[in-house]
Amino acid sequence: MAEGGLKHFLLVHSAGHGEWYWFKVKPLLESAGHKVTTLQLAPSVTSSAAMDSINTINTLSQYSQPLLDFLENLEEKVVMVGHSAGGLSLALAMEKYPHKITVAVFIAAFMPDTSHKPSHVVDQYMKIPMEWKKSYPITNNGNTTWLFFSDEFLRTTLYQLCSAEDFALVSMLKRPASFFQEDLAKMDQFSEEKYGSVIRVYIVCKDDLAITEDFQGEMIKNFGVKEVKEIEHSGHMPMLSKPTELVAHLLDIANKC
């Protein structure tokens, strides 16, 4: 917790993106007096021509190392916020450092449970027939499946409710992405004693064409949360399409901690 009873927000981005996309949320939280940390998860490359650099990243833990290192050295508790596939990194961090997290906020995010393998939530998601799965090339280095989002997929499925400027940014700054399905299948279940002990809040994003509202609801039903909030007509990227509404929810969640 930051000085004066104000909170320290730790914002975790999704696959194929970077810490840059919190640029509208960070100043709003800071203007309310809170401390905000954003982290860049691996890989650092932003070009499809640099895909070879991902060959050294085969596990969720390796990908999430900047987050784990930050929490290892942290002396205060945080409000940890994860979006989309960033929910997998949240779960890993909650399992390792539950005592350092006041509340974990999942924004249209993958939320594993404690009854199945960590891969279960991704396995179930991959069963949903969606055209977006065909819209980008897939690269497999022998251990982990990686992909690179096409501009068409980003424009029509993730950023359809965002501004032209937001889309231009992601088109320039997009990175290779992975759901680490192979690695998650090898991991032990997340524990109720650690991961399950952290207070969870879920923010449902309406009109989400990537992780649909129905699938978000299934995850919540499968592994209950303390509170569910909703953002209307946000699509998959509320930090860009509805930053004011998202921040209002985050402030309300933090005030209840």
# chains A, B, ... in the order shown; residues from 1 in each chain; ligands from 1
>>> residues_around(residues="Pro112 in chain A", least_positions_apart="4", cutoff="9 Å", atoms="only C-alpha atoms", output="tab-separated table (two decimals) with C-alpha atoms, in the first residue's frame")
chain	number	residue	atom	x	y	z
A	87	GLY	CA	-4.73	-13.24	-16.43
A	88	LEU	CA	-2.43	-16.26	-16.78
A	91	ALA	CA	-2.48	-16.48	-11.63
A	116	HIS	CA	-8.04	-28.39	-13.25
A	117	LYS	CA	-4.67	-28.03	-14.89
A	118	PRO	CA	-3.74	-24.39	-15.53
A	119	SER	CA	-4.19	-25.12	-19.24
A	120	HIS	CA	-7.87	-25.97	-18.79
A	121	VAL	CA	-9.17	-22.44	-19.31
A	122	VAL	CA	-7.16	-22.05	-22.53
A	190	PHE	CA	-2.86	-23.70	-8.84
A	219	MET	CA	-14.99	-18.56	-16.14
A	222	ASN	CA	-16.43	-21.98	-12.79
A	223	PHE	CA	-14.26	-20.13	-10.27
>>> select_by_dssp(residues="range 206-237 of chain A", states="strand (DSSP E or B)", output="VMD selection string")
chain A and resid 227 to 231
>>> closest_residue(among="A:Ala210, A:Lys229, A:Thr145, A:Pro98", to="Ala177 in chain A", atoms="only C-alpha atoms")
A:Thr145
>>> closest_residue(among="A:Pro238, A:Gly16, A:Pro66, A:Gly82", to="Tyr202 in chain A", atoms="only C-alpha atoms")
A:Gly82
>>> residues_around(residues="Ala32 in chain A", least_positions_apart="2", cutoff="12 Å", atoms="only C-alpha atoms", output="PyMOL selection string")
chain A and resi 6-9+25-30+34-36+247-248+250-252+254-255
>>> closest_residue(among="A:Leu147, A:Leu39, A:Cys257, A:Leu158", to="Ala108 in chain A", atoms="only C-alpha atoms")
A:Leu158
>>> closest_residue(among="A:Lys174, A:Lys206, A:Lys186, A:Lys256", to="Ile107 in chain A", atoms="only C-alpha atoms")
A:Lys206
>>> select_by_dssp(residues="range 152-191 of chain A", states="alpha helix (DSSP H)", output="list in words")
Glu152, Phe153, Ala164, Glu165, Asp166, Phe167, Ala168, Leu169, Val170, Ser171, Met172, Leu173, Gln181, Glu182, Asp183, Leu184, Ala185 and Lys186 of chain A
>>> write_last_selection(atoms="N, CA and C atoms", output="JSON list (two decimals), in the first residue's frame")
[["chain", "number", "residue", "atom", "x", "y", "z"],
["A", 152, "GLU", "N", -5.55, -7.03, -39.60],
["A", 152, "GLU", "CA", -6.96, -7.24, -39.84],
["A", 152, "GLU", "C", -7.66, -7.80, -38.61],
["A", 153, "PHE", "N", -7.02, -8.78, -37.97],
["A", 153, "PHE", "CA", -7.57, -9.34, -36.73],
["A", 153, "PHE", "C", -7.66, -8.27, -35.65],
["A", 164, "ALA", "N", -8.89, 5.37, -34.28],
["A", 164, "ALA", "CA", -7.90, 5.12, -35.33],
["A", 164, "ALA", "C", -6.49, 5.29, -34.78],
["A", 165, "GLU", "N", -6.33, 6.23, -33.85],
["A", 165, "GLU", "CA", -5.01, 6.45, -33.25],
["A", 165, "GLU", "C", -4.58, 5.25, -32.41],
["A", 166, "ASP", "N", -5.52, 4.66, -31.66],
["A", 166, "ASP", "CA", -5.21, 3.48, -30.86],
["A", 166, "ASP", "C", -4.79, 2.32, -31.76],
["A", 167, "PHE", "N", -5.52, 2.13, -32.85],
["A", 167, "PHE", "CA", -5.17, 1.06, -33.78],
["A", 167, "PHE", "C", -3.81, 1.29, -34.41],
["A", 168, "ALA", "N", -3.50, 2.54, -34.75],
["A", 168, "ALA", "CA", -2.19, 2.85, -35.34],
["A", 168, "ALA", "C", -1.07, 2.48, -34.38],
["A", 169, "LEU", "N", -1.29, 2.74, -33.09],
["A", 169, "LEU", "CA", -0.27, 2.40, -32.09],
["A", 169, "LEU", "C", -0.02, 0.90, -32.03],
["A", 170, "VAL", "N", -1.08, 0.12, -31.95],
["A", 170, "VAL", "CA", -0.88, -1.33, -31.84],
["A", 170, "VAL", "C", -0.27, -1.89, -33.12],
["A", 171, "SER", "N", -0.63, -1.33, -34.25],
["A", 171, "SER", "CA", -0.06, -1.79, -35.50],
["A", 171, "SER", "C", 1.45, -1.61, -35.52],
["A", 172, "MET", "N", 1.94, -0.55, -34.87],
["A", 172, "MET", "CA", 3.38, -0.27, -34.83],
["A", 172, "MET", "C", 4.07, -1.02, -33.69],
["A", 173, "LEU", "N", 3.35, -1.29, -32.59],
["A", 173, "LEU", "CA", 3.98, -1.79, -31.37],
["A", 173, "LEU", "C", 3.66, -3.23, -31.03],
["A", 181, "GLN", "N", 0.02, -22.80, -23.94],
["A", 181, "GLN", "CA", -0.86, -23.93, -23.70],
["A", 181, "GLN", "C", -0.08, -25.21, -23.38],
["A", 182, "GLU", "N", 1.05, -25.41, -24.07],
["A", 182, "GLU", "CA", 1.86, -26.60, -23.84],
["A", 182, "GLU", "C", 2.48, -26.60, -22.45],
["A", 183, "ASP", "N", 3.01, -25.46, -22.05],
["A", 183, "ASP", "CA", 3.63, -25.34, -20.73],
["A", 183, "ASP", "C", 2.59, -25.47, -19.62],
["A", 184, "LEU", "N", 1.45, -24.83, -19.79],
["A", 184, "LEU", "CA", 0.40, -24.87, -18.77],
["A", 184, "LEU", "C", -0.09, -26.30, -18.53],
["A", 185, "ALA", "N", -0.08, -27.11, -19.59],
["A", 185, "ALA", "CA", -0.53, -28.50, -19.46],
["A", 185, "ALA", "C", 0.42, -29.33, -18.61],
["A", 186, "LYS", "N", 1.67, -28.89, -18.50],
["A", 186, "LYS", "CA", 2.67, -29.62, -17.71],
["A", 186, "LYS", "C", 2.71, -29.16, -16.26]]
>>> closest_residue(among="A:Thr59, A:Ser163, A:Thr38, A:Thr157", to="Tyr21 in chain A", atoms="only C-alpha atoms")
A:Thr38
>>> residues_around(residues="Asp208 in chain A", least_positions_apart="4", cutoff="8 Å", atoms="only C-alpha atoms", output="short mmCIF file (atom, residue, chain, number, x, y, z; two decimals) with N, CA and C atoms, in the first residue's frame")
data_model
loop_
_atom_site.label_atom_id
_atom_site.label_comp_id
_atom_site.auth_asym_id
_atom_site.auth_seq_id
_atom_site.Cartn_x
_atom_site.Cartn_y
_atom_site.Cartn_z
N THR A 157 -11.43 -7.34 -34.54
CA THR A 157 -11.80 -8.19 -33.42
C THR A 157 -11.41 -7.62 -32.06
N LEU A 158 -10.26 -6.98 -31.97
CA LEU A 158 -9.82 -6.42 -30.69
C LEU A 158 -10.07 -4.92 -30.61
N THR A 212 -15.28 -13.67 -25.44
CA THR A 212 -16.67 -13.23 -25.46
C THR A 212 -17.26 -13.11 -24.06
N GLU A 213 -18.33 -12.34 -23.98
CA GLU A 213 -19.01 -12.17 -22.70
C GLU A 213 -19.49 -13.51 -22.15
N SER A 234 -17.51 -1.78 -24.59
CA SER A 234 -16.07 -1.50 -24.52
C SER A 234 -15.26 -2.32 -25.51
N GLY A 235 -15.81 -3.46 -25.95
CA GLY A 235 -14.98 -4.38 -26.71
C GLY A 235 -13.90 -4.96 -25.83
N HIS A 236 -12.89 -5.51 -26.46
CA HIS A 236 -11.84 -6.22 -25.72
C HIS A 236 -10.82 -5.28 -25.08
#
>>> residues_around(residues="Tyr195 in chain A", least_positions_apart="3", cutoff="9 Å", atoms="only C-alpha atoms", output="count of residues only")
14
>>> atom_distance(atom1="CA of His13 in chain A", atom2="CA of Ser89 in chain A")
9.3 Å
>>> closest_residue(among="A:Ala42, A:Leu10, A:Val204, A:Met130", to="Asn58 in chain A", atoms="only C-alpha atoms")
A:Ala42
